[in-house]
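Shown next: target27.cif, given as mmCIF, C-alpha atoms.
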```
data_work
loop_
_atom_site.label_atom_id
_atom_site.label_comp_id
_atom_site.auth_asym_id
_atom_site.auth_seq_id
_atom_site.Cartn_x
_atom_site.Cartn_y
_atom_site.Cartn_z
CA MET V 86 0.00 0.00 0.00
CA ASN V 87 1.00 3.59 -0.41
CA ASP V 88 2.58 5.42 2.44
CA GLU V 89 1.94 8.67 0.69
CA ILE V 90 -1.46 9.83 -0.39
CA GLU V 91 -0.83 11.28 -3.80
CA THR V 92 -3.09 14.13 -4.78
CA SER V 93 -4.81 14.03 -8.12
CA ASP V 94 -2.74 16.95 -9.36
CA ALA V 95 0.50 15.25 -8.36
CA LEU V 96 -0.57 12.08 -10.11
CA LEU V 97 -1.49 13.98 -13.27
CA ASP V 98 1.93 15.67 -13.12
CA ARG V 99 3.58 12.29 -12.89
CA ILE V 100 1.69 11.02 -15.91
CA ARG V 101 2.53 14.19 -17.81
CA ASP V 102 6.19 13.74 -16.98
CA ALA V 103 6.12 10.07 -18.03
CA PHE V 104 5.13 11.05 -21.56
CA ASP V 105 7.39 14.09 -21.83
CA GLU V 106 10.25 12.28 -23.47
CA LEU V 107 8.57 11.07 -26.58
CA PRO V 108 10.76 11.10 -29.67
CA PRO V 109 10.24 14.05 -32.01
CA VAL V 110 7.29 14.04 -34.37
CA PRO V 111 8.42 12.14 -37.49
CA SER V 112 9.05 14.44 -40.43
CA ASP V 113 6.48 12.76 -42.68
CA LEU V 114 3.80 13.44 -40.07
CA GLN V 115 4.93 17.04 -39.74
CA ALA V 116 4.58 17.33 -43.50
CA ALA V 117 1.07 15.83 -43.32
CA ALA V 118 0.11 18.36 -40.64
CA ARG V 119 1.40 21.26 -42.74
CA SER V 120 -0.30 20.06 -45.90
CA ALA V 121 -3.67 19.76 -44.11
CA PHE V 122 -3.98 23.50 -44.68
CA GLU V 123 -4.10 23.00 -48.44
CA TRP V 124 -7.25 20.94 -47.97
CA ARG V 125 -9.09 23.79 -46.34
CA ARG V 126 -12.27 24.84 -48.14
CA ALA V 127 -12.99 28.29 -46.83
CA ASP V 128 -15.25 28.91 -49.84
CA ALA V 129 -17.66 26.05 -49.12
CA ALA V 130 -20.19 25.46 -46.37
CA LEU V 131 -19.23 22.68 -43.99
CA ALA V 132 -22.10 20.24 -43.48
CA GLU V 133 -22.64 19.07 -39.93
CA LEU V 134 -22.60 15.39 -39.01
CA MET V 135 -26.09 14.50 -37.78
CA PHE V 136 -25.84 10.73 -37.68
CA ASP V 137 -23.12 8.08 -37.82
CA SER V 138 -24.23 4.46 -37.70
CA ALA V 139 -20.98 3.50 -35.95
CA ASN V 140 -22.08 5.46 -32.89
CA GLU V 141 -25.52 3.83 -32.85
CA GLU V 142 -24.25 0.28 -33.15
CA LEU V 143 -22.02 0.70 -30.16
CA ILE V 144 -24.85 1.11 -27.72
CA GLY V 145 -25.38 -1.99 -25.70
CA VAL V 146 -24.80 -4.51 -28.45
CA ARG V 147 -21.56 -6.34 -27.97
CA GLY V 148 -20.06 -8.08 -30.92
CA THR V 149 -22.18 -6.33 -33.49
CA VAL V 150 -20.11 -6.37 -36.62
CA SER V 151 -21.16 -4.42 -39.64
CA ASP V 152 -19.20 -3.66 -42.75
CA ARG V 153 -21.75 -1.05 -43.73
CA ARG V 154 -21.67 2.47 -42.48
CA SER V 155 -24.14 5.30 -42.88
CA PHE V 156 -23.74 9.00 -42.29
CA ARG V 157 -26.15 11.87 -42.49
CA PHE V 158 -24.91 15.43 -42.86
CA ALA V 159 -26.89 18.65 -43.06
CA VAL V 160 -26.35 22.29 -43.78
CA ASN V 161 -29.44 24.47 -43.60
CA GLU V 162 -32.20 22.52 -45.36
CA ILE V 163 -29.85 20.41 -47.46
CA VAL V 164 -29.17 16.83 -46.39
CA ILE V 165 -26.38 14.58 -47.64
CA ARG V 166 -26.55 10.86 -46.87
CA VAL V 167 -23.48 8.72 -47.37
CA HIS V 168 -23.63 4.93 -47.32
CA LEU V 169 -20.41 2.97 -47.32
CA THR V 170 -19.82 -0.71 -47.94
CA PRO V 171 -16.40 -2.29 -48.42
CA ALA V 172 -16.87 -1.93 -52.19
CA THR V 173 -19.17 1.02 -52.76
CA LEU V 174 -19.96 4.53 -51.69
CA ILE V 175 -23.45 5.84 -52.36
CA ALA V 176 -24.20 9.50 -51.74
CA MET V 177 -27.66 11.06 -51.84
CA ILE V 178 -28.53 14.72 -51.81
CA GLU V 179 -31.89 16.04 -50.62
CA PRO V 180 -33.67 17.82 -52.12
CA SER V 181 -33.03 15.63 -55.17
CA LEU V 182 -30.95 17.48 -57.70
CA SER V 183 -28.63 16.51 -60.49
CA VAL V 184 -25.50 18.47 -59.63
CA PRO V 185 -21.74 18.18 -60.00
CA CYS V 186 -20.09 16.52 -57.03
CA ARG V 187 -16.73 15.10 -55.97
CA VAL V 188 -15.26 12.44 -53.80
CA VAL V 189 -12.02 13.86 -52.47
CA THR V 190 -9.20 11.84 -50.91
CA GLU V 191 -5.67 12.91 -50.13
CA GLU V 192 -4.54 11.12 -53.27
CA HIS V 193 -7.05 12.33 -55.81
CA THR V 194 -10.37 13.94 -56.58
CA GLU V 195 -13.06 12.09 -58.49
CA GLU V 196 -15.42 14.36 -60.40
CA LEU V 197 -18.96 12.98 -60.56
CA ARG V 198 -22.56 14.04 -60.98
CA THR V 199 -25.64 13.03 -59.04
CA ASP V 200 -28.57 11.68 -61.06
CA GLU V 201 -32.05 13.21 -61.10
CA TYR V 202 -32.78 11.48 -57.79
CA GLY V 203 -29.80 13.22 -56.25
CA GLU V 204 -27.85 9.95 -56.06
CA VAL V 205 -24.40 8.90 -57.11
CA ALA V 206 -22.53 5.61 -56.63
CA VAL V 207 -18.79 5.11 -56.86
CA ALA V 208 -16.11 2.64 -55.75
CA ALA V 209 -15.44 3.01 -52.03
CA PRO V 210 -12.61 5.52 -51.55
CA GLU V 211 -9.64 5.33 -49.23
CA MET V 212 -10.00 7.12 -45.93
CA PRO V 213 -9.84 9.89 -45.13
CA PHE V 214 -12.24 11.24 -47.72
CA ARG V 215 -14.96 13.83 -48.01
CA PHE V 216 -17.87 14.43 -50.33
CA GLU V 217 -18.42 17.78 -52.01
CA ALA V 218 -21.44 18.98 -53.94
CA VAL V 219 -21.85 22.03 -56.14
CA LEU V 220 -25.37 23.26 -55.48
CA PRO V 221 -27.03 26.28 -57.07
CA SER V 222 -26.79 28.02 -53.69
CA GLY V 223 -23.06 27.32 -53.39
CA GLU V 224 -20.72 24.46 -52.59
CA ILE V 225 -21.07 22.25 -49.56
CA VAL V 226 -18.57 19.78 -48.17
CA THR V 227 -18.88 17.05 -45.60
CA PRO V 228 -16.32 16.88 -42.81
CA TRP V 229 -13.45 14.46 -43.43
CA ILE V 230 -14.54 10.91 -42.83
CA THR V 231 -11.44 9.58 -41.14
CA GLY V 232 -12.33 6.26 -39.62
CA MET E 1020 3.60 46.58 -51.83
CA ALA E 1021 2.93 44.89 -48.53
CA SER E 1022 5.17 41.93 -47.98
CA GLU E 1023 3.87 38.57 -46.83
CA PRO E 1024 3.44 38.76 -43.03
CA ARG E 1025 5.83 36.74 -40.93
CA PHE E 1026 4.67 34.36 -38.25
CA SER E 1027 6.52 32.66 -35.46
CA PRO E 1028 5.43 29.73 -33.29
CA ASP E 1029 5.89 32.11 -30.35
CA ASP E 1030 3.17 34.47 -31.59
CA PRO E 1031 -0.11 34.45 -29.64
CA LEU E 1032 -2.37 31.63 -30.76
CA ALA E 1033 -5.03 34.18 -31.69
CA THR E 1034 -2.56 35.81 -34.12
CA LEU E 1035 -1.69 32.48 -35.72
CA VAL E 1036 -5.33 31.41 -36.07
CA ALA E 1037 -6.28 34.78 -37.56
CA GLY E 1038 -3.33 34.54 -39.95
CA ALA E 1039 -4.34 31.07 -41.08
CA LEU E 1040 -7.95 32.19 -41.52
CA ASP E 1041 -6.61 34.94 -43.77
CA GLY E 1042 -5.04 32.24 -45.90
CA HIS E 1043 -1.43 32.58 -44.75
CA GLY E 1044 0.27 29.20 -44.93
CA ALA E 1045 3.11 30.56 -42.78
CA ALA E 1046 0.66 31.13 -39.92
CA TRP E 1047 -0.62 27.58 -40.27
CA ASN E 1048 2.91 26.17 -40.30
CA ALA E 1049 3.70 28.15 -37.15
CA LEU E 1050 0.56 26.71 -35.54
CA VAL E 1051 1.70 23.21 -36.43
CA ALA E 1052 5.18 23.85 -35.04
CA ARG E 1053 3.70 25.27 -31.85
CA LEU E 1054 1.13 22.55 -31.17
CA GLU E 1055 2.41 19.38 -32.84
CA ARG E 1056 3.69 18.03 -29.50
CA VAL E 1057 0.22 18.23 -27.96
CA VAL E 1058 -1.26 16.13 -30.76
CA TRP E 1059 1.72 13.79 -30.79
CA LYS E 1060 1.46 13.16 -27.05
CA SER E 1061 -2.29 12.66 -27.27
CA VAL E 1062 -2.09 9.97 -29.92
CA ASN E 1063 0.83 8.26 -28.19
CA MET E 1064 -1.00 8.22 -24.87
CA MET E 1065 -4.07 6.75 -26.54
CA THR E 1066 -2.57 3.99 -28.63
CA THR E 1067 0.56 1.93 -29.16
CA ASP E 1068 -0.49 0.94 -32.68
CA ARG E 1069 1.76 2.98 -34.94
CA GLU E 1070 -0.58 2.95 -37.89
CA VAL E 1071 -3.51 4.19 -35.82
CA ARG E 1072 -1.29 6.72 -34.10
CA ASP E 1073 0.00 8.18 -37.37
CA ASP E 1074 -3.41 8.27 -39.08
CA ALA E 1075 -5.01 9.90 -36.04
CA PHE E 1076 -2.23 12.49 -35.92
CA ALA E 1077 -2.80 13.45 -39.58
CA ALA E 1078 -6.59 13.36 -39.20
CA THR E 1079 -6.45 15.77 -36.26
CA TRP E 1080 -4.82 18.45 -38.42
CA LEU E 1081 -7.34 17.91 -41.21
CA ARG E 1082 -10.00 18.44 -38.55
CA LEU E 1083 -8.40 21.67 -37.38
CA ALA E 1084 -8.10 23.01 -40.94
CA GLU E 1085 -11.74 22.14 -41.50
CA ARG E 1086 -12.97 23.72 -38.25
CA LEU E 1087 -10.66 26.70 -38.07
CA ASP E 1088 -13.49 29.19 -38.61
CA GLY E 1089 -15.29 27.76 -35.60
CA ILE E 1090 -12.41 28.20 -33.15
CA ARG E 1091 -13.79 30.91 -30.87
CA GLU E 1092 -11.07 30.89 -28.22
CA PRO E 1093 -7.71 30.21 -29.87
CA GLU E 1094 -5.92 30.16 -26.53
CA LYS E 1095 -7.77 26.93 -25.76
CA LEU E 1096 -6.49 25.18 -28.87
CA PRO E 1097 -4.24 22.77 -26.93
CA GLY E 1098 -7.28 21.32 -25.16
CA TRP E 1099 -9.26 21.26 -28.41
CA LEU E 1100 -6.48 19.40 -30.20
CA ALA E 1101 -5.95 16.92 -27.36
CA THR E 1102 -9.63 16.02 -27.30
CA THR E 1103 -9.91 15.90 -31.08
CA ALA E 1104 -6.87 13.62 -31.27
CA THR E 1105 -8.29 11.21 -28.67
CA ASN E 1106 -11.57 11.16 -30.59
CA GLU E 1107 -9.78 10.35 -33.83
CA VAL E 1108 -7.88 7.48 -32.20
CA ARG E 1109 -11.09 6.04 -30.78
CA GLN E 1110 -12.88 6.35 -34.11
CA ILE E 1111 -10.07 4.75 -36.11
CA VAL E 1112 -9.54 1.93 -33.61
CA ARG E 1113 -13.23 1.15 -33.56
CA GLN E 1114 -13.49 1.14 -37.33
CA ARG E 1115 -10.39 -0.95 -37.93
CA HIS E 1116 -11.27 -3.41 -35.21
CA ARG E 1117 -14.59 -3.88 -36.89
CA GLN E 1118 -12.97 -4.43 -40.26
CA ASP E 1119 -10.46 -6.84 -38.76
CA ILE E 1120 -13.28 -8.93 -37.41
CA SER E 1121 -15.36 -8.77 -40.55
CA ILE E 1122 -12.54 -9.99 -42.76
CA THR E 1123 -11.36 -12.40 -40.05
CA GLU E 1124 -7.86 -11.13 -40.35
CA SER E 1125 -5.97 -11.51 -37.12
CA ARG E 1126 -3.35 -8.85 -37.15
CA SER E 1127 -0.68 -9.23 -34.55
CA SER E 1128 -1.35 -5.70 -33.46
CA SER E 1129 0.23 -4.48 -30.29
CA THR E 1130 -2.68 -2.18 -29.60
CA ASN E 1131 -2.99 -3.14 -25.98
CA SER E 1132 0.52 -4.22 -25.21
CA ILE E 1133 2.31 -2.33 -22.54
CA GLY E 1134 5.63 -2.77 -24.26
CA GLY E 1135 4.76 -1.22 -27.61
CA LEU E 1136 4.96 2.43 -26.77
CA VAL E 1137 7.63 2.04 -24.17
CA ASP E 1138 9.89 0.45 -26.75
CA THR E 1139 9.51 3.43 -29.02
CA LEU E 1140 10.52 5.96 -26.41
CA VAL E 1141 13.92 7.53 -26.38
CA GLY E 1142 16.06 7.26 -23.31
CA ASP E 1143 15.45 3.57 -22.88
CA GLU E 1144 19.11 2.84 -23.34
CA GLY E 1145 19.86 5.14 -20.44
CA GLU E 1146 23.30 6.67 -20.55
CA HIS E 1147 23.49 7.63 -16.90
CA ALA E 1148 22.48 5.86 -13.73
CA ASP E 1149 20.27 8.73 -12.56
CA ALA E 1150 18.67 8.94 -15.92
CA LEU E 1151 18.15 5.20 -15.83
CA LEU E 1152 16.25 5.38 -12.59
CA ALA E 1153 14.15 8.28 -13.77
CA ASP E 1154 13.46 6.40 -17.00
CA GLU E 1155 12.46 3.38 -15.03
CA ARG E 1156 9.97 5.42 -13.01
CA ARG E 1157 8.48 6.89 -16.16
CA ARG E 1158 8.32 3.49 -17.78
CA HIS E 1159 6.45 2.23 -14.74
CA VAL E 1160 3.91 5.06 -15.02
CA ARG E 1161 3.45 4.45 -18.75
CA ALA E 1162 2.95 0.74 -18.16
CA ALA E 1163 0.28 1.45 -15.56
CA PHE E 1164 -1.33 4.03 -17.84
CA ALA E 1165 -1.47 1.52 -20.70
CA ARG E 1166 -3.51 -0.81 -18.50
CA LEU E 1167 -6.31 1.74 -18.15
CA ASP E 1168 -9.44 1.27 -20.22
CA GLU E 1169 -9.89 3.52 -23.23
CA PRO E 1170 -12.35 6.01 -21.68
CA CYS E 1171 -9.98 6.54 -18.76
CA ARG E 1172 -6.97 7.02 -21.03
CA GLU E 1173 -9.03 9.54 -22.95
CA ILE E 1174 -10.08 11.56 -19.93
CA ILE E 1175 -6.62 11.60 -18.41
CA THR E 1176 -4.94 12.44 -21.72
CA VAL E 1177 -7.11 15.52 -22.06
CA LEU E 1178 -6.63 16.48 -18.40
CA VAL E 1179 -2.88 16.17 -18.74
CA LEU E 1180 -2.45 17.92 -22.07
CA ALA E 1181 -5.03 20.69 -22.04
CA ASP E 1182 -3.28 23.91 -21.13
CA PRO E 1183 -5.21 25.86 -19.98
CA PRO E 1184 -7.34 23.02 -18.60
CA VAL E 1185 -10.54 22.17 -20.43
CA PRO E 1186 -13.54 23.27 -18.35
CA TYR E 1187 -16.00 20.50 -17.65
CA ASP E 1188 -18.77 22.03 -19.73
CA GLU E 1189 -16.53 22.13 -22.80
CA ALA E 1190 -15.00 18.72 -22.18
CA ARG E 1191 -18.49 17.36 -22.49
CA ASP E 1192 -18.67 18.37 -26.15
CA VAL E 1193 -15.47 16.68 -27.06
CA LEU E 1194 -15.56 13.69 -24.78
CA GLY E 1195 -19.23 13.08 -25.48
CA ARG E 1196 -20.10 12.55 -21.84
CA PRO E 1197 -22.67 14.21 -19.64
CA ILE E 1198 -21.15 17.02 -17.60
CA GLY E 1199 -22.18 15.43 -14.33
CA SER E 1200 -20.28 12.21 -14.90
CA LEU E 1201 -16.91 13.73 -15.73
CA GLY E 1202 -15.94 14.57 -12.15
CA PRO E 1203 -16.70 11.05 -10.87
CA SER E 1204 -15.09 9.56 -14.00
CA ARG E 1205 -11.93 11.52 -13.35
CA ARG E 1206 -11.82 10.31 -9.76
CA ARG E 1207 -12.52 6.72 -10.77
CA CYS E 1208 -9.84 6.78 -13.46
CA LEU E 1209 -7.21 8.26 -11.17
CA ASP E 1210 -8.06 5.66 -8.50
CA LYS E 1211 -7.56 2.93 -11.09
CA MET E 1212 -4.28 4.51 -12.09
CA ARG E 1213 -3.09 4.46 -8.46
CA MET E 1214 -4.07 0.83 -8.18
CA PHE E 1215 -2.20 -0.11 -11.36
CA LEU E 1216 0.85 1.85 -10.19
CA ASP E 1217 0.84 -0.20 -7.01
CA HIS E 1218 0.39 -3.46 -8.85
CA THR E 1219 2.37 -3.08 -12.03
CA ASP E 1220 5.42 -5.26 -11.75
CA GLY E 1221 8.97 -4.22 -12.16
CA GLY E 1222 8.90 -0.54 -11.38
CA PRO E 1223 10.02 1.46 -8.39
CA ARG E 1224 7.59 4.03 -7.09
#
```

Would you write out, as structure tokens, the structure that this file holds?
Amino acid sequence: MNDEIETSDALLDRIRDAFDELPPVPSDLQAAARSAFEWRRADAALAELMFDSANEELIGVRGTVSDRRSFRFAVNEIVIRVHLTPATLIAMIEPSLSVPCRVVTEEHTEELRTDEYGEVAVAAPEMPFRFEAVLPSGEIVTPWITG
Amino acid sequence: MASEPRFSPDDPLATLVAGALDGHGAAWNALVARLERVVWKSVNMMTTDREVRDDAFAATWLRLAERLDGIREPEKLPGWLATTATNEVRQIVRQRHRQDISITESRSSSTNSIGGLVDTLVGDEGEHADALLADERRRHVRAAFARLDEPCREIITVLVLADPPVPYDEARDVLGRPIGSLGPSRRRCLDKMRMFLDHTDGGPR
């Protein structure tokens, strides 16, 4: 048993100290951090994540394994749904509009167009990726889907 | 002609954020230089899996670039980055674990091994006796920390790295927990940490 009663602050200090001597950030990661700025889209509205199936499946159900993932994003009255399977990404825009759109990864940008139902299907991209749509009211982008 | 403004990592965070919002890459690079250690420590405290660690590190900066306009109090960026980094680790671990199971691929990942991170730390060779002892104490703390469950590692990582500290009401947003439970969670996690420190083999107190 402890002779000393360590205060919470002292314990936190000890933990802080234990991780102080990490090696430097590797240069390739520093480069990735710097280049993140180039991916900024200050000219487009960022859609907010409203739903992520991964969060739902966690609740109370142990061992639930799904290789499908669904997201819902919204900005104002526009909704973007993204469904992911290991092979395919399907994106749907509401209200339904045929508009130019893109699937953007760090490696490349795929230019696409939604059909008259506002839907587009494409091979599942590498993560991280984001979906961008060029609407009459302006461009909207989803947050990066990173994991 | 006005020349491109200069930015230094020592500038106030508000200056660097404003500079980056104005489109100055130099301000962003200074931000990265200033705060990279916070993100690096966060991901290393959260995981020993190098792939997860590296992807979460990169994802955290994408997140900051994406959310830069929404940063209302730049001086609290360290806490914001620490919590964002822990979130990214959790998200990536959860997703990869799921994929691992679904494709029944058993990777020999060292995600939960105590040794993984410790082996990557400098100073393990220990040039001096004093340094050796200090290293041994730190190693002991890291080993105990690695035994904590993920939510506890997350809470303590943010508590340790947020400077200034993250107020409870804001920690709620990033940690996704009700405000009321964070105080008790903190106490419970630190109690666990004390227990593991007492019962982790091989380290002096």

Discussion item. When you count only C-alpha atoms, which of these residues is closest to chain E: V:Ala159, V:Asp128, V:Leu169, V:Asp152?
Written reply: V:Asp152

Fill in: Between CA of Glu1173 (chain E) and CA of Thr1105 (chain E), distance in Å (one decimal)
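Between CA of Glu1173 (chain E) and CA of Thr1105 (chain E) the gap is 6.0 Å.
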
Fill in: Contacts of Pro171 (chain V) within 10 Å, all atoms listed in the file, excl. fewer than 2 positions in-chain, as a ChimeraX atom specification
/V:152-154,169,173-174,208-210 /E:1118

Worksheet item: Rounded to one decimal in Å, what is the spacing between CA of Gln115 (chain V) and CA of Asp1088 (chain E)?
Response: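 CA of Asp1088 (chain E) lies 22.1 Å from CA of Gln115 (chain V).
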
Discussion item. Please find the residues of chain V near chain E - the criterion being any atom within 10 Å, counting all atoms listed in the file - and write them as a PyMOL selection string.
Written reply: chain V and resi 86-87+90-94+96-111+113-127+131+139-140+143+148-152+154+171+212-213+226-232

Fill in: Matched chain/residue IDs from the PyMOL selection byres ((chain V and resi 225) around 6), as a ChimeraX atom specification
/V:129-131,217-218,224,226

Would you mind exporting the chosen residues as an mmCIF file, in the coordinates of the input, restricted to C-alpha atoms?
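Heads up, here's the output in selection25.cif:
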```
data_model
loop_
_atom_site.group_PDB
_atom_site.id
_atom_site.type_symbol
_atom_site.label_atom_id
_atom_site.label_comp_id
_atom_site.auth_asym_id
_atom_site.auth_seq_id
_atom_site.Cartn_x
_atom_site.Cartn_y
_atom_site.Cartn_z
ATOM 1 C CA ALA V 129 -17.660 26.050 -49.120
ATOM 2 C CA ALA V 130 -20.190 25.460 -46.370
ATOM 3 C CA LEU V 131 -19.230 22.680 -43.990
ATOM 4 C CA GLU V 217 -18.420 17.780 -52.010
ATOM 5 C CA ALA V 218 -21.440 18.980 -53.940
ATOM 6 C CA GLU V 224 -20.720 24.460 -52.590
ATOM 7 C CA VAL V 226 -18.570 19.780 -48.170
#
```

With a distance cut-off of 9 Å and all atoms listed in the file, select the neighbouring residues of Glu204 (chain V), excluding the residue or stretch itself and same-chain residues fewer than 4 positions from it, and output the selection as a PDB file with C-alpha atoms, in the coordinates of the input.
```
ATOM      1  CA  ILE V 175     -23.450   5.840 -52.360  1.00  0.00           C
ATOM      2  CA  ALA V 176     -24.200   9.500 -51.740  1.00  0.00           C
ATOM      3  CA  MET V 177     -27.660  11.060 -51.840  1.00  0.00           C
ATOM      4  CA  ILE V 178     -28.530  14.720 -51.810  1.00  0.00           C
ATOM      5  CA  SER V 181     -33.030  15.630 -55.170  1.00  0.00           C
ATOM      6  CA  LEU V 182     -30.950  17.480 -57.700  1.00  0.00           C
ATOM      7  CA  SER V 183     -28.630  16.510 -60.490  1.00  0.00           C
ATOM      8  CA  ARG V 198     -22.560  14.040 -60.980  1.00  0.00           C
ATOM      9  CA  THR V 199     -25.640  13.030 -59.040  1.00  0.00           C
ATOM     10  CA  ASP V 200     -28.570  11.680 -61.060  1.00  0.00           C
TER      11      ASP V 200
END
```

Worksheet item: By how many Å are CA of Ala1104 (chain E) and CA of Ser1204 (chain E) apart?
Response: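 Computed distance, CA of Ala1104 (chain E) to CA of Ser1204 (chain E), equals 19.6 Å.
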
Worksheet item: When distances are computed from all atoms listed in the file, which of V:Ala132, V:Val205, V:Val160, V:Ala172 shows the smallest separation from Cys186 (chain V)?
Response: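 Between V:Ala132, V:Val205, V:Val160, V:Ala172, the residue approaching Cys186 (chain V) most closely is V:Val205.
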
Serialized region 110-134 of chain V w/ N, CA and C atoms as a short mmCIF file (atom, residue, chain, number, x, y, z; two decimals), in the first residue's frame:
```cif
data_model
loop_
_atom_site.label_atom_id
_atom_site.label_comp_id
_atom_site.auth_asym_id
_atom_site.auth_seq_id
_atom_site.Cartn_x
_atom_site.Cartn_y
_atom_site.Cartn_z
N VAL V 110 8.30 14.42 -33.38
CA VAL V 110 7.29 14.04 -34.37
C VAL V 110 8.01 13.68 -35.67
N PRO V 111 7.74 12.52 -36.24
CA PRO V 111 8.42 12.14 -37.49
C PRO V 111 8.16 13.17 -38.59
N SER V 112 9.15 13.35 -39.46
CA SER V 112 9.05 14.44 -40.43
C SER V 112 7.90 14.23 -41.42
N ASP V 113 7.59 12.96 -41.73
CA ASP V 113 6.48 12.76 -42.68
C ASP V 113 5.15 13.16 -42.04
N LEU V 114 5.04 13.01 -40.73
CA LEU V 114 3.80 13.44 -40.07
C LEU V 114 3.75 14.96 -39.96
N GLN V 115 4.91 15.58 -39.73
CA GLN V 115 4.93 17.04 -39.74
C GLN V 115 4.49 17.57 -41.09
N ALA V 116 4.96 16.91 -42.14
CA ALA V 116 4.58 17.33 -43.50
C ALA V 116 3.08 17.16 -43.70
N ALA V 117 2.52 16.06 -43.18
CA ALA V 117 1.07 15.83 -43.32
C ALA V 117 0.30 16.93 -42.60
N ALA V 118 0.78 17.31 -41.42
CA ALA V 118 0.11 18.36 -40.64
C ALA V 118 0.14 19.68 -41.40
N ARG V 119 1.30 20.00 -42.00
CA ARG V 119 1.40 21.26 -42.74
C ARG V 119 0.50 21.24 -43.97
N SER V 120 0.46 20.10 -44.65
CA SER V 120 -0.30 20.06 -45.90
C SER V 120 -1.81 20.03 -45.65
N ALA V 121 -2.23 19.75 -44.41
CA ALA V 121 -3.67 19.76 -44.11
C ALA V 121 -4.29 21.11 -44.48
N PHE V 122 -3.48 22.16 -44.39
CA PHE V 122 -3.98 23.50 -44.68
C PHE V 122 -4.42 23.64 -46.13
N GLU V 123 -3.75 22.91 -47.01
CA GLU V 123 -4.10 23.00 -48.44
C GLU V 123 -5.48 22.41 -48.71
N TRP V 124 -5.95 21.58 -47.78
CA TRP V 124 -7.25 20.94 -47.97
C TRP V 124 -8.40 21.77 -47.41
N ARG V 125 -8.05 22.94 -46.91
CA ARG V 125 -9.09 23.79 -46.34
C ARG V 125 -10.00 24.31 -47.44
N ARG V 126 -11.32 24.29 -47.18
CA ARG V 126 -12.27 24.84 -48.14
C ARG V 126 -13.02 25.98 -47.48
N ALA V 127 -12.37 27.14 -47.49
CA ALA V 127 -12.99 28.29 -46.83
C ALA V 127 -14.17 28.80 -47.65
N ASP V 128 -14.22 28.39 -48.94
CA ASP V 128 -15.25 28.91 -49.84
C ASP V 128 -16.52 28.05 -49.83
N ALA V 129 -16.51 26.96 -49.10
CA ALA V 129 -17.66 26.05 -49.12
C ALA V 129 -18.25 25.91 -47.72
N ALA V 130 -19.54 25.65 -47.67
CA ALA V 130 -20.19 25.46 -46.37
C ALA V 130 -19.90 24.06 -45.86
N LEU V 131 -19.53 23.98 -44.59
CA LEU V 131 -19.23 22.68 -43.99
C LEU V 131 -20.52 22.07 -43.43
N ALA V 132 -20.89 20.90 -43.97
CA ALA V 132 -22.10 20.24 -43.48
C ALA V 132 -21.81 19.61 -42.12
N GLU V 133 -22.82 19.60 -41.28
CA GLU V 133 -22.64 19.07 -39.93
C GLU V 133 -23.04 17.60 -39.89
N LEU V 134 -22.26 16.81 -39.18
CA LEU V 134 -22.60 15.39 -39.01
C LEU V 134 -23.80 15.27 -38.09
#
```
